[in-house]
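Text of the file query37.csv, holding CSV, C-alpha atoms:
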```csv
chain,number,residue,atom,x,y,z
L,1,GLU,CA,132.6,79.4,89.6
L,2,GLU,CA,133.2,78.8,93.3
L,3,LEU,CA,129.8,80.1,94.2
L,4,THR,CA,128.2,77.8,91.6
L,5,ASN,CA,130.1,74.8,92.9
L,6,ALA,CA,129.2,75.5,96.5
L,7,ILE,CA,125.5,75.8,95.7
L,8,THR,CA,125.1,73.0,93.2
L,9,SER,CA,126.9,70.4,95.4
L,10,ASN,CA,124.6,71.0,98.4
L,11,ASP,CA,120.9,71.1,99.0
L,12,LYS,CA,121.3,73.3,102.1
L,13,VAL,CA,124.2,75.7,102.1
L,14,THR,CA,125.5,79.0,103.5
L,15,VAL,CA,128.0,80.8,101.3
L,16,LYS,CA,130.1,83.7,102.5
L,17,ILE,CA,131.5,85.9,99.7
L,18,THR,CA,134.5,87.9,100.8
L,19,ASN,CA,135.6,89.3,97.4
L,20,GLU,CA,133.8,92.3,95.8
L,21,GLY,CA,132.4,91.9,92.4
L,22,THR,CA,129.3,90.8,90.5
L,23,TYR,CA,128.0,87.3,90.8
L,24,THR,CA,125.3,85.3,89.0
L,25,LEU,CA,123.4,82.5,90.6
L,26,PRO,CA,123.0,78.9,89.3
L,27,SER,CA,119.6,77.3,89.6
L,28,LEU,CA,118.4,77.2,93.2
L,29,GLU,CA,115.5,74.9,92.5
L,30,GLY,CA,114.9,72.6,95.5
L,31,LYS,CA,117.7,74.2,97.5
L,32,ASP,CA,117.9,76.1,100.8
L,33,VAL,CA,120.5,78.8,100.2
L,34,THR,CA,121.9,81.6,102.3
L,35,ILE,CA,124.3,84.1,100.7
L,36,ILE,CA,126.3,86.5,103.0
L,37,GLY,CA,128.5,89.3,101.7
L,38,THR,CA,129.1,93.0,101.7
L,39,LYS,CA,127.6,96.0,99.8
L,40,ASP,CA,130.3,95.5,97.2
L,41,THR,CA,129.1,92.0,96.6
L,42,VAL,CA,126.6,92.4,93.8
L,43,ILE,CA,124.1,89.6,93.0
L,44,ASP,CA,123.0,90.1,89.4
L,45,MET,CA,119.2,89.3,89.0
L,46,LYS,CA,118.7,91.4,85.9
L,47,GLY,CA,116.2,89.7,83.7
L,48,VAL,CA,116.4,86.6,85.8
L,49,VAL,CA,113.8,84.1,87.2
L,50,ASN,CA,115.2,81.7,89.8
L,51,LYS,CA,113.5,79.2,92.1
L,52,GLY,CA,114.5,77.9,95.5
L,53,ALA,CA,113.1,76.0,98.4
L,54,ASN,CA,114.3,78.9,100.7
L,55,VAL,CA,116.5,81.8,99.8
L,56,SER,CA,118.3,84.3,102.2
L,57,MET,CA,120.5,87.2,101.2
L,58,GLU,CA,122.5,89.1,103.9
L,59,GLY,CA,124.5,92.3,103.5
L,60,VAL,CA,124.7,92.2,99.7
L,61,THR,CA,123.6,94.4,96.8
L,62,VAL,CA,120.9,92.8,94.6
L,63,GLU,CA,120.4,94.3,91.2
L,64,PHE,CA,117.2,93.8,89.2
L,65,ALA,CA,116.4,95.2,85.8
L,66,ASN,CA,113.2,97.2,85.4
L,67,GLU,CA,111.4,94.2,83.9
L,68,THR,CA,108.1,92.6,84.8
L,69,TYR,CA,107.7,89.1,86.3
L,70,LYS,CA,111.3,88.7,87.3
L,71,GLY,CA,112.6,87.5,90.7
L,72,PHE,CA,112.6,84.4,92.9
L,73,GLN,CA,109.6,82.2,92.0
L,74,GLN,CA,108.0,79.2,93.7
L,75,THR,CA,110.1,79.9,96.9
L,76,GLY,CA,109.0,78.9,100.3
L,77,LYS,CA,110.6,81.7,102.2
L,78,LEU,CA,112.6,84.6,100.9
L,79,VAL,CA,114.6,86.8,103.3
L,80,TYR,CA,116.7,89.9,102.7
L,81,LYS,CA,118.7,91.4,105.6
L,82,ASN,CA,120.8,94.5,105.5
L,83,CYS,CA,120.7,94.5,101.7
L,84,THR,CA,120.7,97.2,99.0
L,85,ILE,CA,118.1,96.3,96.4
L,86,LYS,CA,118.0,98.1,93.1
L,87,GLY,CA,115.5,98.0,90.3
L,88,LEU,CA,112.1,96.3,90.1
L,89,GLN,CA,111.5,92.9,91.8
L,90,PHE,CA,108.4,90.7,91.7
L,91,LEU,CA,107.5,88.6,94.8
L,92,TYR,CA,106.1,85.1,94.6
L,93,ALA,CA,107.2,83.3,97.8
L,94,ASP,CA,104.9,82.1,100.5
L,95,GLU,CA,106.8,84.3,103.1
L,96,VAL,CA,108.9,87.3,102.3
L,97,GLU,CA,110.8,89.4,104.8
L,98,PHE,CA,112.9,92.5,104.3
L,99,ILE,CA,115.0,93.6,107.4
L,100,SER,CA,116.9,96.9,107.4
L,101,CYS,CA,117.1,97.0,103.6
L,102,GLU,CA,117.6,100.0,101.3
L,103,PHE,CA,115.5,100.1,98.1
L,104,VAL,CA,116.9,102.3,95.3
L,105,GLN,CA,114.9,103.0,92.1
L,106,ASP,CA,116.7,105.3,89.6
L,107,GLN,CA,114.2,105.0,86.8
L,108,ASP,CA,111.3,107.5,86.7
L,109,ASP,CA,107.7,106.3,86.9
L,110,ALA,CA,108.7,102.8,88.2
L,111,TYR,CA,108.0,100.8,91.4
L,112,HIS,CA,110.6,99.2,93.6
L,113,MET,CA,108.5,96.0,93.6
L,114,TRP,CA,105.2,94.4,92.9
L,115,THR,CA,104.3,92.2,95.9
L,116,TYR,CA,102.4,90.2,93.4
L,117,ALA,CA,101.5,86.6,94.4
L,118,ALA,CA,103.5,86.4,97.7
L,119,LYS,CA,101.2,85.4,100.6
L,120,ASN,CA,102.8,87.3,103.5
L,121,VAL,CA,105.3,90.2,103.1
L,122,THR,CA,106.9,92.1,105.9
L,123,PHE,CA,109.2,95.1,105.8
L,124,THR,CA,111.0,96.2,108.9
L,125,ASP,CA,113.3,99.2,109.3
L,126,CYS,CA,113.6,99.7,105.5
L,127,ASP,CA,114.2,102.8,103.4
L,128,PHE,CA,112.7,103.4,100.0
L,129,THR,CA,114.1,106.1,97.6
L,130,SER,CA,112.0,106.9,94.6
L,131,THR,CA,112.4,109.4,91.7
L,132,ASN,CA,110.1,111.4,89.4
L,133,CYS,CA,106.4,110.2,89.1
L,134,SER,CA,107.1,108.5,92.4
L,135,LYS,CA,105.7,105.2,93.8
L,136,ALA,CA,107.3,102.5,95.8
L,137,VAL,CA,105.3,99.2,96.3
L,138,LEU,CA,102.5,97.9,94.2
L,139,CYS,CA,100.0,95.4,95.7
L,140,TYR,CA,98.5,93.8,92.6
L,141,VAL,CA,98.0,90.3,91.1
L,142,GLU,CA,96.1,88.8,88.1
L,143,GLY,CA,94.7,85.6,89.6
L,144,GLU,CA,92.9,84.5,92.8
L,145,PHE,CA,95.3,83.9,95.7
L,146,GLY,CA,93.1,84.4,98.9
L,147,THR,CA,94.4,86.6,101.7
L,148,LEU,CA,97.5,88.6,101.0
L,149,THR,CA,99.1,90.4,104.0
L,150,ARG,CA,101.6,93.2,103.6
L,151,SER,CA,103.1,94.7,106.8
L,152,PHE,CA,105.4,97.8,107.0
L,153,ASN,CA,107.2,98.4,110.3
L,154,ASN,CA,109.3,101.5,111.0
L,155,CYS,CA,109.9,102.2,107.3
L,156,ARG,CA,110.7,105.4,105.5
L,157,PHE,CA,109.5,106.3,102.0
L,158,THR,CA,111.2,109.3,100.3
L,159,ALA,CA,110.4,110.5,96.7
L,160,ILE,CA,112.1,113.3,94.7
L,161,GLY,CA,110.3,114.9,91.8
L,162,THR,CA,106.7,115.1,90.6
L,163,SER,CA,104.3,113.3,92.9
L,164,GLU,CA,102.0,110.8,91.1
L,165,LYS,CA,101.1,107.9,93.3
L,166,SER,CA,101.0,107.0,97.0
L,167,ALA,CA,104.0,105.2,98.3
L,168,ILE,CA,102.1,101.9,98.6
L,169,MET,CA,99.5,101.4,95.9
L,170,ILE,CA,96.7,98.8,95.9
L,171,ASN,CA,95.4,98.0,92.4
L,172,PRO,CA,92.4,95.7,91.9
L,173,THR,CA,92.9,92.1,90.8
L,174,ALA,CA,93.1,92.1,87.0
L,175,ASN,CA,91.2,88.8,86.3
L,176,VAL,CA,87.5,89.8,86.0
L,177,ASP,CA,86.3,86.8,88.1
L,178,ALA,CA,89.1,86.8,90.7
L,179,VAL,CA,88.7,88.6,94.1
L,180,ASN,CA,91.5,88.7,96.7
L,181,THR,CA,91.6,89.9,100.3
L,182,TYR,CA,94.3,92.5,101.1
L,183,VAL,CA,95.4,93.3,104.7
L,184,ILE,CA,97.8,96.2,104.8
L,185,ASN,CA,99.4,97.0,108.1
L,186,ILE,CA,101.5,100.2,108.4
L,187,ASN,CA,103.2,100.7,111.7
L,188,ASN,CA,105.3,103.9,112.6
L,189,CYS,CA,106.2,104.7,108.9
L,190,THR,CA,106.7,108.0,107.1
L,191,ALA,CA,106.2,109.0,103.5
L,192,THR,CA,107.6,112.2,101.9
L,193,GLY,CA,107.0,113.4,98.4
L,194,TYR,CA,104.2,111.1,97.4
L,195,ALA,CA,100.6,111.9,96.3
L,196,GLU,CA,97.1,111.1,97.7
L,197,ASN,CA,95.2,108.3,95.8
L,198,GLY,CA,91.8,107.1,96.8
L,199,ILE,CA,92.2,107.3,100.6
L,200,GLU,CA,91.6,110.8,101.9
L,201,GLY,CA,94.4,112.4,103.8
L,202,GLN,CA,96.9,109.6,103.1
L,203,THR,CA,100.0,109.7,100.8
L,204,ILE,CA,101.7,106.6,102.3
L,205,VAL,CA,98.9,104.3,101.0
L,206,GLY,CA,96.4,104.6,98.1
L,207,ILE,CA,93.9,102.6,96.1
L,208,LYS,CA,93.2,102.7,92.4
L,209,GLU,CA,89.7,104.0,92.0
L,210,THR,CA,88.2,100.7,90.7
L,211,VAL,CA,87.8,98.7,93.9
L,212,LYS,CA,86.7,95.0,93.7
L,213,ASP,CA,88.9,93.2,96.3
L,214,ASN,CA,88.3,93.0,100.0
L,215,ILE,CA,90.7,95.6,101.5
L,216,THR,CA,91.6,96.6,105.0
L,217,VAL,CA,94.3,99.2,105.7
L,218,ASN,CA,95.5,99.7,109.3
L,219,ILE,CA,97.9,102.5,110.3
L,220,THR,CA,99.5,102.7,113.7
L,221,ASP,CA,101.3,105.8,114.8
L,222,GLU,CA,101.9,107.6,118.1
L,223,ASN,CA,98.1,108.0,118.5
L,224,GLY,CA,97.4,104.3,118.2
L,225,THR,CA,95.9,102.0,115.6
L,226,LYS,CA,93.2,103.2,113.3
L,227,THR,CA,91.6,101.6,110.3
L,228,VAL,CA,91.8,104.2,107.5
L,229,TYR,CA,90.1,102.1,104.8
L,230,THR,CA,87.9,99.0,104.6
L,231,HIS,CA,86.0,97.6,101.7
```

Could the structure of this file be written out as structure tokens, please?
Amino acid sequence: EELTNAITSNDKVTVKITNEGTYTLPSLEGKDVTIIGTKDTVIDMKGVVNKGANVSMEGVTVEFANETYKGFQQTGKLVYKNCTIKGLQFLYADEVEFISCEFVQDQDDAYHMWTYAAKNVTFTDCDFTSTNCSKAVLCYVEGEFGTLTRSFNNCRFTAIGTSEKSAIMINPTANVDAVNTYVININNCTATGYAENGIEGQTIVGIKETVKDNITVNITDENGTKTVYTH
């Protein structure tokens, strides 16, 4: 109730939660909201769609159900810092940034997220833990959205169980007439326990065999930058 009152009474607000427990959010539509807490502060986003002008989460645990098309929609900027993120999240914001976050997926054959319609998504110093029939991030959308950039910096992908997909998968745009441009930048990242899909010698990134979009994949390691795929 205190969280709801703090958010609904201000258009721009930073809320610090000091008590452990599970919290649900009121509507964030038109609001600029920052929520700061601890790992024992759980923000319940299971089965939820919420909209905000700008949304930031810091230090908290955010729990999503493994449901499609759920998350923060029509958001200008979405930032997660030092958060634990569980379940499957869809991204829609113009700008999304994950900093020092831990992604946990307990369900087999499930992604941590679909980057979906977000324009620019950046992951820095993040850890992904996947289970059987492993996969972590899906780059896919149904409509035409132009250039979609996904950057991974100093991230670690770890899968346990049967390998099925690459850690980062690029699937073609579903709409027959829609073509998007994907730019995937992978800088100093590692992937353990994933499979090769469509890009020879790579398990950190793969492409579904039907390629229709414009795709460039750049990987930078200790040997410098190289373009491992372009279409």

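We find atom CA of Gly30 of chain L and atom CA of Lys51 of chain L to be spaced 7.6 Å apart.
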
message: Is it possible to get the residues within 9 Å of (114.1, 97.1, 82.7) (coordinates as in the file, counting all atoms listed in the file) written as a VMD selection string?
response: chain L and resid 46 to 47 64 to 68 87 to 88 107

- request: Do a neighbour search on segment 150-158 of chain L at 8 Å with all atoms listed in the file, toss out local chain neighbours closer than 2 positions, and write the hits as a PyMOL selection string.
  value: chain L and resi 120-130+136+148+160+167+182-194+204

Nearby residues (only C-alpha atoms) at most 8 Å from segment 75-82 of chain L, same-chain spacing under 5 positions excluded, as an NGL selection string: :L and (51-60 or 92-102)

query: Which residues, written as a PyMOL selection string, have at least one atom at most 10 Å from Ala117 of chain L, with only C-alpha atoms counted and residues fewer than 2 positions away on the same chain left out?
result: chain L and resi 73-74+90-94+114-115+119-120+139-146+148

query: Given the choices L:Thr147, L:Thr225, L:Asn180, L:Ser166, which gets closest to Thr203 of chain L if the distance is worked out from only C-alpha atoms?
result: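 Checking each candidate against Thr203 of chain L, we get L:Ser166 as the closest.
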
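The space separating atom CA of Thr131 of chain L from atom CA of Lys208 of chain L comes to 20.3 Å.
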
Hey, can I get the axis-aligned box for segment 5-13 of chain L? All listed atoms, 4 Å padding on each side, centre and edge lengths in Å to one decimal, as lines of an AutoDock Vina configuration file.
```
center_x = 125.5
center_y = 73.1
center_z = 97.5
size_x = 17.2
size_y = 13.4
size_z = 17.2
```

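We find atom CA of Ala110 of chain L and atom CA of Ser134 of chain L to be spaced 7.3 Å apart.
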
For Asn214 of chain L, the nearest of the candidates L:Val49, L:Ile170, L:Leu25, L:Ile199, counting all atoms listed in the file: L:Ile170

Contact residues around Val217 of chain L with only C-alpha atoms at 6 Å, ignoring same-chain residues under 6 positions, as a list in words: Ile184, Thr227, Val228 and Tyr229 of chain L
